[in-house]
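Shown next: query_1.pdb, containing PDB, C-alpha atoms and all ligand atoms.
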```
ATOM      1  CA  MET A   1      93.011-177.059  77.183
ATOM      2  CA  ASN A   2      89.884-176.599  79.377
ATOM      3  CA  LEU A   3      87.638-177.109  76.331
ATOM      4  CA  PRO A   4      85.665-180.374  76.084
ATOM      5  CA  LEU A   5      87.481-183.002  73.960
ATOM      6  CA  SER A   6      85.035-182.673  71.022
ATOM      7  CA  LYS A   7      85.776-178.919  70.815
ATOM      8  CA  GLN A   8      89.533-179.506  71.153
ATOM      9  CA  LEU A   9      89.445-181.901  68.181
ATOM     10  CA  SER A  10      87.131-179.757  66.045
ATOM     11  CA  ASN A  11      89.822-177.112  65.437
ATOM     12  CA  SER A  12      92.683-179.485  66.072
ATOM     13  CA  LEU A  13      94.259-179.254  62.612
ATOM     14  CA  GLU A  14      94.029-175.513  62.021
ATOM     15  CA  GLN A  15      97.102-174.081  60.225
ATOM     16  CA  LYS A  16      98.208-177.622  59.350
ATOM     17  CA  THR A  17      98.805-179.110  55.904
ATOM     18  CA  ILE A  18      98.047-182.809  55.557
ATOM     19  CA  ILE A  19      98.918-185.021  52.572
ATOM     20  CA  ILE A  20      96.433-187.862  52.026
ATOM     21  CA  THR A  21      96.896-190.678  49.498
ATOM     22  CA  GLY A  22      93.890-192.716  48.435
ATOM     23  CA  ALA A  23      91.835-189.545  48.791
ATOM     24  CA  SER A  24      89.578-190.374  45.835
ATOM     25  CA  ALA A  25      87.510-192.978  47.712
ATOM     26  CA  GLY A  26      86.635-194.817  50.906
ATOM     27  CA  ILE A  27      88.759-194.244  54.002
ATOM     28  CA  GLY A  28      91.111-191.706  52.364
ATOM     29  CA  ARG A  29      88.179-189.597  51.159
ATOM     30  CA  GLN A  30      86.589-189.619  54.630
ATOM     31  CA  CYS A  31      89.935-188.655  56.203
ATOM     32  CA  ALA A  32      90.153-185.716  53.775
ATOM     33  CA  ILE A  33      86.631-184.541  54.658
ATOM     34  CA  ASP A  34      87.313-184.825  58.389
ATOM     35  CA  CYS A  35      90.750-183.147  58.148
ATOM     36  CA  SER A  36      89.122-180.189  56.394
ATOM     37  CA  LYS A  37      86.424-180.057  59.103
ATOM     38  CA  ALA A  38      89.209-179.907  61.682
ATOM     39  CA  GLY A  39      90.639-176.881  59.871
ATOM     40  CA  ALA A  40      93.449-178.437  57.805
ATOM     41  CA  CYS A  41      94.568-177.667  54.290
ATOM     42  CA  VAL A  42      94.543-181.019  52.481
ATOM     43  CA  VAL A  43      96.578-182.411  49.560
ATOM     44  CA  LEU A  44      94.524-185.072  47.773
ATOM     45  CA  ILE A  45      96.449-187.837  45.980
ATOM     46  CA  ALA A  46      95.143-190.781  43.891
ATOM     47  CA  ARG A  47      94.946-191.677  40.181
ATOM     48  CA  SER A  48      91.397-190.631  39.285
ATOM     49  CA  VAL A  49      91.173-186.862  38.708
ATOM     50  CA  ASP A  50      87.372-186.957  38.543
ATOM     51  CA  LYS A  51      87.050-188.726  41.878
ATOM     52  CA  LEU A  52      89.619-186.413  43.488
ATOM     53  CA  LEU A  53      87.624-183.413  42.298
ATOM     54  CA  GLU A  54      84.506-185.061  43.761
ATOM     55  CA  THR A  55      86.323-185.357  47.108
ATOM     56  CA  ARG A  56      87.478-181.739  46.786
ATOM     57  CA  SER A  57      83.828-180.667  46.420
ATOM     58  CA  MET A  58      83.000-182.377  49.742
ATOM     59  CA  LEU A  59      85.602-180.438  51.766
ATOM     60  CA  GLU A  60      85.194-177.343  53.872
ATOM     61  CA  ASP A  61      86.569-174.185  52.255
ATOM     62  CA  GLY A  62      90.350-174.023  52.219
ATOM     63  CA  ASN A  63      93.475-173.955  50.119
ATOM     64  CA  HIS A  64      93.225-177.666  49.235
ATOM     65  CA  LEU A  65      95.249-179.212  46.410
ATOM     66  CA  VAL A  66      94.171-181.956  44.009
ATOM     67  CA  PHE A  67      97.296-183.855  42.931
ATOM     68  CA  PRO A  68      96.641-186.844  40.616
ATOM     69  CA  TYR A  69      99.470-189.382  40.821
ATOM     70  CA  ASP A  70      99.940-193.118  40.254
ATOM     71  CA  LEU A  71     101.818-194.350  43.327
ATOM     72  CA  SER A  72     103.164-197.389  41.510
ATOM     73  CA  ASN A  73     105.596-194.850  40.063
ATOM     74  CA  CYS A  74     107.733-194.703  43.223
ATOM     75  CA  GLU A  75     110.762-193.333  41.358
ATOM     76  CA  ASP A  76     109.278-189.854  40.733
ATOM     77  CA  ILE A  77     107.755-189.282  44.172
ATOM     78  CA  ASN A  78     110.652-186.936  45.041
ATOM     79  CA  VAL A  79     109.669-184.648  42.140
ATOM     80  CA  ALA A  80     105.980-184.820  43.103
ATOM     81  CA  ILE A  81     106.682-183.893  46.743
ATOM     82  CA  LYS A  82     108.903-180.953  45.713
ATOM     83  CA  ASP A  83     106.061-179.704  43.515
ATOM     84  CA  ILE A  84     103.505-180.130  46.326
ATOM     85  CA  VAL A  85     105.653-178.336  48.917
ATOM     86  CA  LYS A  86     106.249-175.476  46.481
ATOM     87  CA  LYS A  87     102.457-175.082  46.234
ATOM     88  CA  VAL A  88     101.348-175.640  49.855
ATOM     89  CA  GLY A  89     104.405-175.066  52.062
ATOM     90  CA  HIS A  90     105.516-177.142  55.043
ATOM     91  CA  VAL A  91     103.834-180.489  55.740
ATOM     92  CA  HIS A  92     102.397-181.269  59.211
ATOM     93  CA  GLY A  93     100.829-184.647  58.533
ATOM     94  CA  PHE A  94     100.564-187.553  56.143
ATOM     95  CA  ILE A  95      97.950-190.299  55.841
ATOM     96  CA  HIS A  96      98.800-193.160  53.498
ATOM     97  CA  SER A  97      95.417-194.670  52.708
ATOM     98  CA  ALA A  98      96.064-195.688  49.090
ATOM     99  CA  GLY A  99      95.927-199.428  48.808
ATOM    100  CA  ALA A 100      95.395-202.221  46.345
ATOM    101  CA  ALA A 101      94.462-205.860  46.976
ATOM    102  CA  ASP A 102      94.399-209.052  44.977
ATOM    103  CA  THR A 103      93.225-212.517  45.974
ATOM    104  CA  MET A 104      95.293-215.329  44.458
ATOM    105  CA  PRO A 105      96.568-218.693  45.722
ATOM    106  CA  PHE A 106     100.192-218.490  46.905
ATOM    107  CA  GLN A 107     101.349-220.833  44.087
ATOM    108  CA  ALA A 108      99.994-218.415  41.463
ATOM    109  CA  VAL A 109     101.652-215.257  42.792
ATOM    110  CA  SER A 110     104.697-214.138  40.776
ATOM    111  CA  PRO A 111     107.419-211.739  41.973
ATOM    112  CA  GLU A 112     105.832-209.153  39.649
ATOM    113  CA  ASP A 113     102.423-209.581  41.378
ATOM    114  CA  MET A 114     104.120-209.091  44.749
ATOM    115  CA  LEU A 115     105.893-205.962  43.540
ATOM    116  CA  VAL A 116     102.733-204.352  42.148
ATOM    117  CA  LEU A 117     101.008-204.426  45.555
ATOM    118  CA  HIS A 118     104.133-203.584  47.544
ATOM    119  CA  LYS A 119     104.744-200.462  45.448
ATOM    120  CA  VAL A 120     101.294-198.993  46.094
ATOM    121  CA  ASN A 121     100.727-200.289  49.638
ATOM    122  CA  THR A 122     104.194-199.929  51.139
ATOM    123  CA  ILE A 123     107.119-198.593  49.121
ATOM    124  CA  SER A 124     105.332-195.412  47.996
ATOM    125  CA  ALA A 125     104.282-194.753  51.621
ATOM    126  CA  PHE A 126     107.867-194.928  52.868
ATOM    127  CA  GLU A 127     109.121-192.846  49.934
ATOM    128  CA  ILE A 128     106.575-190.074  50.611
ATOM    129  CA  ALA A 129     107.517-190.159  54.315
ATOM    130  CA  ARG A 130     111.221-189.970  53.372
ATOM    131  CA  GLN A 131     110.733-187.034  51.032
ATOM    132  CA  ILE A 132     108.472-184.990  53.313
ATOM    133  CA  SER A 133     110.799-185.455  56.273
ATOM    134  CA  LYS A 134     113.586-183.595  54.448
ATOM    135  CA  PRO A 135     114.483-180.077  55.606
ATOM    136  CA  GLY A 136     112.382-177.490  53.822
ATOM    137  CA  CYS A 137     109.434-179.895  53.506
ATOM    138  CA  LEU A 138     108.695-180.863  57.099
ATOM    139  CA  SER A 139     107.138-178.393  59.503
ATOM    140  CA  PRO A 140     109.763-177.278  62.064
ATOM    141  CA  THR A 141     107.119-177.933  64.756
ATOM    142  CA  GLY A 142     107.037-181.628  63.824
ATOM    143  CA  ALA A 143     104.529-183.885  62.088
ATOM    144  CA  SER A 144     102.355-186.966  62.389
ATOM    145  CA  PHE A 145     102.492-189.792  59.824
ATOM    146  CA  ILE A 146      99.717-192.412  59.658
ATOM    147  CA  PHE A 147      99.937-195.551  57.565
ATOM    148  CA  ILE A 148      96.712-197.468  56.971
ATOM    149  CA  SER A 149      97.653-201.130  57.337
ATOM    150  CA  SER A 150      95.123-203.955  57.846
ATOM    151  CA  ILE A 151      94.312-206.736  60.277
ATOM    152  CA  ARG A 152      95.557-209.003  57.445
ATOM    153  CA  ALA A 153      99.068-208.014  58.593
ATOM    154  CA  ILE A 154      98.559-210.125  61.723
ATOM    155  CA  HIS A 155      95.490-212.240  60.909
ATOM    156  CA  PRO A 156      96.012-213.998  57.572
ATOM    157  CA  GLU A 157      93.406-215.422  55.204
ATOM    158  CA  PRO A 158      94.214-217.788  52.308
ATOM    159  CA  GLY A 159      94.896-216.041  48.994
ATOM    160  CA  THR A 160      96.188-212.812  50.506
ATOM    161  CA  ILE A 161      99.978-213.317  50.502
ATOM    162  CA  ALA A 162     100.940-210.164  48.563
ATOM    163  CA  TYR A 163      98.451-207.972  50.432
ATOM    164  CA  ALA A 164      99.198-209.391  53.899
ATOM    165  CA  ALA A 165     102.975-209.174  53.378
ATOM    166  CA  SER A 166     102.743-205.572  52.124
ATOM    167  CA  LYS A 167     100.644-204.577  55.143
ATOM    168  CA  SER A 168     102.954-206.231  57.724
ATOM    169  CA  ALA A 169     105.897-204.487  56.057
ATOM    170  CA  LEU A 170     104.024-201.230  56.573
ATOM    171  CA  VAL A 171     103.740-201.866  60.330
ATOM    172  CA  SER A 172     107.372-202.904  60.828
ATOM    173  CA  GLY A 173     108.694-200.103  58.613
ATOM    174  CA  MET A 174     106.535-197.563  60.466
ATOM    175  CA  LYS A 175     108.293-198.532  63.716
ATOM    176  CA  VAL A 176     111.742-197.921  62.206
ATOM    177  CA  ILE A 177     110.647-194.528  60.872
ATOM    178  CA  ALA A 178     109.175-193.671  64.293
ATOM    179  CA  LEU A 179     112.531-194.485  65.917
ATOM    180  CA  GLU A 180     114.587-192.513  63.434
ATOM    181  CA  LEU A 181     112.377-189.429  63.147
ATOM    182  CA  ALA A 182     111.428-188.916  66.816
ATOM    183  CA  LYS A 183     114.291-186.400  67.090
ATOM    184  CA  LYS A 184     112.587-184.332  64.364
ATOM    185  CA  LYS A 185     109.337-184.423  66.397
ATOM    186  CA  VAL A 186     107.717-186.751  63.883
ATOM    187  CA  ARG A 187     105.256-189.280  65.301
ATOM    188  CA  CYS A 188     104.453-192.354  63.194
ATOM    189  CA  ASN A 189     101.599-194.791  63.711
ATOM    190  CA  CYS A 190      99.571-197.379  61.826
ATOM    191  CA  ILE A 191      95.847-197.954  61.875
ATOM    192  CA  SER A 192      94.812-201.509  61.056
ATOM    193  CA  PRO A 193      91.157-201.695  60.055
ATOM    194  CA  GLY A 194      89.030-204.833  59.889
ATOM    195  CA  PHE A 195      86.030-204.871  57.542
ATOM    196  CA  ILE A 196      85.125-201.339  56.453
ATOM    197  CA  ARG A 197      82.363-200.709  53.884
ATOM    198  CA  THR A 198      84.368-199.489  50.827
ATOM    199  CA  ASP A 199      85.200-200.561  47.234
ATOM    200  CA  ILE A 200      88.290-202.562  48.249
ATOM    201  CA  LEU A 201      86.157-204.715  50.573
ATOM    202  CA  ASP A 202      83.529-205.280  47.835
ATOM    203  CA  GLU A 203      86.340-206.328  45.490
ATOM    204  CA  TYR A 204      87.734-208.824  48.027
ATOM    205  CA  LEU A 205      84.308-210.280  48.843
ATOM    206  CA  GLY A 206      83.601-210.580  45.104
ATOM    207  CA  GLN A 207      86.659-212.823  44.700
ATOM    208  CA  ILE A 208      85.712-215.467  47.293
ATOM    209  CA  ASP A 209      82.793-217.934  47.279
ATOM    210  CA  GLU A 210      79.569-217.348  49.232
ATOM    211  CA  GLU A 211      80.354-219.823  52.043
ATOM    212  CA  GLU A 212      83.795-218.264  52.573
ATOM    213  CA  LYS A 213      82.234-214.787  52.519
ATOM    214  CA  GLN A 214      79.766-215.685  55.294
ATOM    215  CA  ARG A 215      82.581-217.229  57.386
ATOM    216  CA  VAL A 216      84.841-214.197  56.993
ATOM    217  CA  LEU A 217      82.120-211.618  57.732
ATOM    218  CA  ALA A 218      80.817-213.559  60.750
ATOM    219  CA  GLY A 219      84.218-212.962  62.346
ATOM    220  CA  SER A 220      83.476-209.253  62.753
ATOM    221  CA  LEU A 221      81.525-209.139  66.012
ATOM    222  CA  LEU A 222      80.198-205.611  65.423
ATOM    223  CA  GLY A 223      79.341-206.091  61.734
ATOM    224  CA  LEU A 224      80.845-203.862  59.049
ATOM    225  CA  GLY A 225      82.610-200.628  59.943
ATOM    226  CA  GLU A 226      82.287-197.328  58.074
ATOM    227  CA  PRO A 227      85.157-195.107  56.805
ATOM    228  CA  ILE A 228      84.375-192.606  59.574
ATOM    229  CA  ASP A 229      85.275-195.239  62.193
ATOM    230  CA  VAL A 230      88.828-195.064  60.845
ATOM    231  CA  SER A 231      88.996-191.347  60.035
ATOM    232  CA  ARG A 232      88.068-190.355  63.608
ATOM    233  CA  MET A 233      91.168-192.139  64.884
ATOM    234  CA  ALA A 234      93.292-190.628  62.101
ATOM    235  CA  ILE A 235      92.221-187.076  63.043
ATOM    236  CA  PHE A 236      93.058-187.782  66.679
ATOM    237  CA  LEU A 237      96.507-189.175  65.778
ATOM    238  CA  LEU A 238      97.223-186.148  63.567
ATOM    239  CA  SER A 239      96.298-183.739  66.351
ATOM    240  CA  ASP A 240      98.448-182.519  69.217
ATOM    241  CA  GLN A 241      96.087-184.428  71.541
ATOM    242  CA  ALA A 242      98.075-187.525  70.490
ATOM    243  CA  ARG A 243     101.461-185.905  71.160
ATOM    244  CA  PHE A 244     102.744-188.851  73.259
ATOM    245  CA  ILE A 245     101.641-191.610  70.837
ATOM    246  CA  THR A 246     104.199-192.973  68.384
ATOM    247  CA  GLY A 247     105.322-196.328  66.985
ATOM    248  CA  THR A 248     102.037-198.096  67.580
ATOM    249  CA  ASP A 249      99.482-199.987  65.492
ATOM    250  CA  ILE A 250      95.868-199.276  66.393
ATOM    251  CA  VAL A 251      93.404-201.998  65.436
ATOM    252  CA  ILE A 252      89.857-200.909  64.496
ATOM    253  CA  ASP A 253      88.123-204.164  63.623
ATOM    254  CA  GLY A 254      84.793-204.545  65.445
ATOM    255  CA  GLY A 255      86.318-207.362  67.504
ATOM    256  CA  THR A 256      87.477-209.570  64.602
ATOM    257  CA  LEU A 257      90.818-210.363  66.251
ATOM    258  CA  LEU A 258      89.074-211.633  69.391
ATOM    259  CA  LYS A 259      88.133-214.864  67.596
TER     260      LYS A 259
HETATM  261  N1  LIG B 301      87.934-201.385  53.514
HETATM  262  C1  LIG B 301      88.446-202.310  54.279
HETATM  263  O1  LIG B 301      87.751-203.226  54.733
HETATM  264  C2  LIG B 301      89.910-202.241  54.648
HETATM  265  C3  LIG B 301      90.380-203.122  55.629
HETATM  266  C4  LIG B 301      91.719-203.089  55.985
HETATM  267  C5  LIG B 301      92.565-202.168  55.393
HETATM  268  N2  LIG B 301      92.082-201.337  54.432
HETATM  269  C6  LIG B 301      93.041-200.412  53.821
HETATM  270  O2  LIG B 301      92.514-199.103  53.857
HETATM  271  C7  LIG B 301      93.084-198.341  52.803
HETATM  272  C8  LIG B 301      91.980-197.592  52.083
HETATM  273  O3  LIG B 301      91.165-198.520  51.402
HETATM  274  P1  LIG B 301      89.615-198.275  51.186
HETATM  275  O4  LIG B 301      88.930-199.281  51.980
HETATM  276  O5  LIG B 301      89.302-196.860  51.364
HETATM  277  O6  LIG B 301      89.492-198.735  49.654
HETATM  278  P2  LIG B 301      89.077-197.946  48.339
HETATM  279  O7  LIG B 301      87.790-197.232  48.548
HETATM  280  O8  LIG B 301      89.176-198.950  47.249
HETATM  281  O9  LIG B 301      90.234-196.852  48.164
HETATM  282  C9  LIG B 301      91.517-197.194  47.712
HETATM  283  C10 LIG B 301      92.235-195.904  47.353
HETATM  284  O10 LIG B 301      93.554-196.207  46.907
HETATM  285  C11 LIG B 301      93.808-195.471  45.716
HETATM  286  N3  LIG B 301      94.789-196.160  44.887
HETATM  287  C12 LIG B 301      94.778-197.467  44.492
HETATM  288  N4  LIG B 301      95.820-197.705  43.677
HETATM  289  C13 LIG B 301      96.511-196.535  43.549
HETATM  290  C14 LIG B 301      97.668-196.128  42.820
HETATM  291  N5  LIG B 301      98.350-196.982  42.029
HETATM  292  N6  LIG B 301      98.086-194.839  42.924
HETATM  293  C15 LIG B 301      97.409-193.947  43.692
HETATM  294  N7  LIG B 301      96.302-194.280  44.394
HETATM  295  C16 LIG B 301      95.859-195.547  44.319
HETATM  296  C17 LIG B 301      92.442-195.396  45.014
HETATM  297  O11 LIG B 301      92.377-194.301  44.134
HETATM  298  P3  LIG B 301      92.436-194.369  42.529
HETATM  299  O12 LIG B 301      91.762-195.635  42.102
HETATM  300  O13 LIG B 301      91.742-193.111  42.105
HETATM  301  O14 LIG B 301      93.890-194.346  42.210
HETATM  302  C18 LIG B 301      91.535-195.151  46.216
HETATM  303  O15 LIG B 301      91.503-193.775  46.522
HETATM  304  C19 LIG B 301      93.834-199.317  51.914
HETATM  305  O16 LIG B 301      95.215-199.231  52.177
HETATM  306  C20 LIG B 301      93.311-200.671  52.355
HETATM  307  O17 LIG B 301      94.247-201.705  52.168
HETATM  308  C21 LIG B 301      90.779-201.332  54.048
END
```
Transcribe the structure of this file into structure tokens.
Ligand SMILES: NC(=O)c1ccc[n+]([C@@H]2O[C@H](COP(=O)([O-])OP(=O)(O)OC[C@H]3O[C@@H](n4cnc5c(N)ncnc54)[C@H](OP(=O)(O)O)[C@@H]3O)[C@@H](O)[C@H]2O)c1
Amino acid sequence: MNLPLSKQLSNSLEQKTIIITGASAGIGRQCAIDCSKAGACVVLIARSVDKLLETRSMLEDGNHLVFPYDLSNCEDINVAIKDIVKKVGHVHGFIHSAGAADTMPFQAVSPEDMLVLHKVNTISAFEIARQISKPGCLSPTGASFIFISSIRAIHPEPGTIAYAASKSALVSGMKVIALELAKKKVRCNCISPGFIRTDILDEYLGQIDEEEKQRVLAGSLLGLGEPIDVSRMAIFLLSDQARFITGTDIVIDGGTLLK
């Protein structure tokens, strides 16, 4: 405990197993790299096997597991988690970074469109959390769950109804899970990023016109963030240094919400 903070965090996840969704790209990939640097064994989940293997090649040595899975299949997550736990043992942490976005006017969004985004962004996150918090899966010493939400949950833009609703559901659901699982020593938190340089941002900016793009980006006082700006906070929240932090939503947005 007398070590400087940087040293405390550098080995902060030793002996811990962390499940990360969305580990094939962007924020999830950076979280996986940084978890491995902090000593964790990492389970990498996303659809693209090739990209997961690419992430795997970027990690520090360790007993990491590549586990390709389409999270829109929420029904079989129980089977997937049983398989994972059989291979890696107890789980100490979970980062839900998988996410999908679509920009469509409210009038054009069908119930099916809503469901597609909710399954990947929200329902699968809660189902993984539910399955890993069962006896035999969860570490008896407790765990830390992190759900990557978005400033869209509290700061709407036109055309983002399915995305914004799925992300606010993530924040409110996280608080319920935090309440119910505190007795099992599980801490739950959200991180809500603003504009971070990744594929999902490129996709969103590609769907709006140039004038709108300039207006939206000008809102971020510190410009664009990088995945590491989010992963640093995730590593801290996973570590025992954050042992008194639960049920909160941490905004990392370069000042966007100030306007
Ligand atoms: N970048 C930003 O500006 C920003 C801002 C606010 C919030 N966020 C949130 O941050 C999280 C990470 O996004 P990112 O910026 O890192 O974007 P990204 O680079 O596009 O990564 C998205 C990840 O989600 C995975 N994914 C998508 N659909 C999936 C499915 N059906 N099953 C399993 N995995 C799936 C993708 O992997 P596969 O394609 O291989 O399946 C990929 O690994 C998302 O939840 C996003 O909403 C990002």
Practice problem: Please give me, as a ChimeraX atom specification, the residues lying within 7 Å of ligand LIG 301 (chain B) when counting all atoms listed in the file. | Solution: /A:21-28,45-48,51,69-72,97-101,120-121,148-151,192-201
Generate the output file for the selected residues, C-alpha atoms, as a PDB file, keeping the file's coordinate frame.
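Output (result_18.pdb):
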```pdb
ATOM      1  CA  THR A  21      96.896-190.678  49.498  1.00  0.00           C
ATOM      2  CA  GLY A  22      93.890-192.716  48.435  1.00  0.00           C
ATOM      3  CA  ALA A  23      91.835-189.545  48.791  1.00  0.00           C
ATOM      4  CA  SER A  24      89.578-190.374  45.835  1.00  0.00           C
ATOM      5  CA  ALA A  25      87.510-192.978  47.712  1.00  0.00           C
ATOM      6  CA  GLY A  26      86.635-194.817  50.906  1.00  0.00           C
ATOM      7  CA  ILE A  27      88.759-194.244  54.002  1.00  0.00           C
ATOM      8  CA  GLY A  28      91.111-191.706  52.364  1.00  0.00           C
ATOM      9  CA  ILE A  45      96.449-187.837  45.980  1.00  0.00           C
ATOM     10  CA  ALA A  46      95.143-190.781  43.891  1.00  0.00           C
ATOM     11  CA  ARG A  47      94.946-191.677  40.181  1.00  0.00           C
ATOM     12  CA  SER A  48      91.397-190.631  39.285  1.00  0.00           C
ATOM     13  CA  LYS A  51      87.050-188.726  41.878  1.00  0.00           C
ATOM     14  CA  TYR A  69      99.470-189.382  40.821  1.00  0.00           C
ATOM     15  CA  ASP A  70      99.940-193.118  40.254  1.00  0.00           C
ATOM     16  CA  LEU A  71     101.818-194.350  43.327  1.00  0.00           C
ATOM     17  CA  SER A  72     103.164-197.389  41.510  1.00  0.00           C
ATOM     18  CA  SER A  97      95.417-194.670  52.708  1.00  0.00           C
ATOM     19  CA  ALA A  98      96.064-195.688  49.090  1.00  0.00           C
ATOM     20  CA  GLY A  99      95.927-199.428  48.808  1.00  0.00           C
ATOM     21  CA  ALA A 100      95.395-202.221  46.345  1.00  0.00           C
ATOM     22  CA  ALA A 101      94.462-205.860  46.976  1.00  0.00           C
ATOM     23  CA  VAL A 120     101.294-198.993  46.094  1.00  0.00           C
ATOM     24  CA  ASN A 121     100.727-200.289  49.638  1.00  0.00           C
ATOM     25  CA  ILE A 148      96.712-197.468  56.971  1.00  0.00           C
ATOM     26  CA  SER A 149      97.653-201.130  57.337  1.00  0.00           C
ATOM     27  CA  SER A 150      95.123-203.955  57.846  1.00  0.00           C
ATOM     28  CA  ILE A 151      94.312-206.736  60.277  1.00  0.00           C
ATOM     29  CA  SER A 192      94.812-201.509  61.056  1.00  0.00           C
ATOM     30  CA  PRO A 193      91.157-201.695  60.055  1.00  0.00           C
ATOM     31  CA  GLY A 194      89.030-204.833  59.889  1.00  0.00           C
ATOM     32  CA  PHE A 195      86.030-204.871  57.542  1.00  0.00           C
ATOM     33  CA  ILE A 196      85.125-201.339  56.453  1.00  0.00           C
ATOM     34  CA  ARG A 197      82.363-200.709  53.884  1.00  0.00           C
ATOM     35  CA  THR A 198      84.368-199.489  50.827  1.00  0.00           C
ATOM     36  CA  ASP A 199      85.200-200.561  47.234  1.00  0.00           C
ATOM     37  CA  ILE A 200      88.290-202.562  48.249  1.00  0.00           C
ATOM     38  CA  LEU A 201      86.157-204.715  50.573  1.00  0.00           C
TER      39      LEU A 201
END
```
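Straight-line separation from CA of Leu238 (chain A) to CA of Pro140 (chain A): 15.4 Å.
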Practice problem: Identify, on the basis of all atoms listed in the file, every residue whose closest approach to Pro135 (chain A) does not exceed 12 Å; exclude the query and any residue fewer than 3 positions from it along the same chain; express the result as a PyMOL selection string. | Solution: chain A and resi 82+85+89-91+130-132+138-142+184
Can you write out the residues you just picked, keeping C-alpha atoms, as a CSV table (one decimal), keeping the file's coordinate frame?
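File again-v4.csv, as written:
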```csv
chain,number,residue,atom,x,y,z
A,82,LYS,CA,108.9,-181.0,45.7
A,85,VAL,CA,105.7,-178.3,48.9
A,89,GLY,CA,104.4,-175.1,52.1
A,90,HIS,CA,105.5,-177.1,55.0
A,91,VAL,CA,103.8,-180.5,55.7
A,130,ARG,CA,111.2,-190.0,53.4
A,131,GLN,CA,110.7,-187.0,51.0
A,132,ILE,CA,108.5,-185.0,53.3
A,138,LEU,CA,108.7,-180.9,57.1
A,139,SER,CA,107.1,-178.4,59.5
A,140,PRO,CA,109.8,-177.3,62.1
A,141,THR,CA,107.1,-177.9,64.8
A,142,GLY,CA,107.0,-181.6,63.8
A,184,LYS,CA,112.6,-184.3,64.4
```
Practice problem: Given the file shown, enumerate the residues that the PyMOL selection byres (((chain A and resi 220) around 7) and not hetatm) captures and present them as an NGL selection string. | Solution: :A and (217-219 or 221-223 or 253-256)
Practice problem: Would you kindly translate the PyMOL selection byres (((chain A and resi 30) around 10) and not hetatm) into the concrete residues it picks from this file, as a PyMOL selection string? | Solution: chain A and resi 23-29+31-36+55+58-59+226-232
Exercise. Determine, counting all atoms listed in the file, which protein, DNA and RNA residues have an atom within 12 Å of an atom of Gly247 (chain A); residues of the same chain fewer than 5 positions away are not included. Present the result as a PyMOL selection string.
Key: chain A and resi 144-147+170-182+186-191+237+242
Quiz item: Given the choices A:Leu53, A:Ala125, A:Ile252, A:Ala80, which gets closest to Ser166 (chain A) if the distance is worked out from all atoms listed in the file?
Solution: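 The closest residue to Ser166 (chain A) is A:Ala125.
Proximity to Val88 (chain A) at 12 Å, evaluated using only C-alpha atoms and with sequence-adjacent residues fewer than 3 positions away removed, yields Gln15, Lys16, Thr17, Ile18, Ile19, Ala40, Cys41, Val42, Val43, Leu44, Gly62, Asn63, His64, Leu65, Val66, Phe67, Ile81, Lys82, Asp83, Ile84, Val85, Val91, His92, Gly136, Cys137, Leu138 and Ser139 of chain A.
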Six-sided padding of 3 Å per side, axis-aligned box over region 99-108 of chain A, centre and edges in Å, one decimal, as AutoDock Vina command-line options:
```
--center_x 97.3 --center_y -210.1 --center_z 45.1 --size_x 14.1 --size_y 27.4 --size_z 13.3
```
Quiz item: So what do you get for CA of Thr248 (chain A) versus CA of Ile20 (chain A), distance-wise?
Solution: 19.4 Å
Exercise. Select, from A:Ala143, A:Leu205, A:Leu115, A:Ile95, the residue with the minimum atom-to-atom distance to Ala165 (chain A), counting all atoms listed in the file.
Key: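 Counting all atoms listed in the file, the residue closest to Ala165 (chain A) is A:Leu115.
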Exercise. Tell me which of A:Glu54, A:Asp76, A:Glu157, A:Asp209 sits closest to Pro105 (chain A), counting only C-alpha atoms.
Key: A:Glu157
Practice problem: Have a look at CA of Met104 (chain A) and CA of Tyr204 (chain A) and let me know their distance in Å, one decimal. | Solution: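 Value for the CA of Met104 (chain A)-CA of Tyr204 (chain A) distance: 10.6 Å.
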Rebuild region 159-166 of chain A so that it carries N, CA and C atoms, then output the result as a compact mmCIF listing (two decimals), in the coordinates of the input.
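Printed below is part_34.txt as written:
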```txt
# COMPACT_ATOMS: atom_id res chain seq x y z
N GLY A 159 95.01 -216.83 50.23
CA GLY A 159 94.90 -216.04 48.99
C GLY A 159 95.33 -214.60 49.13
N THR A 160 95.87 -214.24 50.31
CA THR A 160 96.19 -212.81 50.51
C THR A 160 97.68 -212.56 50.71
N ILE A 161 98.55 -213.44 50.16
CA ILE A 161 99.98 -213.32 50.50
C ILE A 161 100.57 -211.95 50.17
N ALA A 162 100.30 -211.44 48.95
CA ALA A 162 100.94 -210.16 48.56
C ALA A 162 100.39 -209.03 49.43
N TYR A 163 99.09 -209.03 49.64
CA TYR A 163 98.45 -207.97 50.43
C TYR A 163 98.93 -208.04 51.89
N ALA A 164 98.84 -209.24 52.49
CA ALA A 164 99.20 -209.39 53.90
C ALA A 164 100.66 -209.02 54.13
N ALA A 165 101.54 -209.47 53.21
CA ALA A 165 102.98 -209.17 53.38
C ALA A 165 103.22 -207.68 53.24
N SER A 166 102.52 -207.02 52.31
CA SER A 166 102.74 -205.57 52.12
C SER A 166 102.26 -204.80 53.35
```
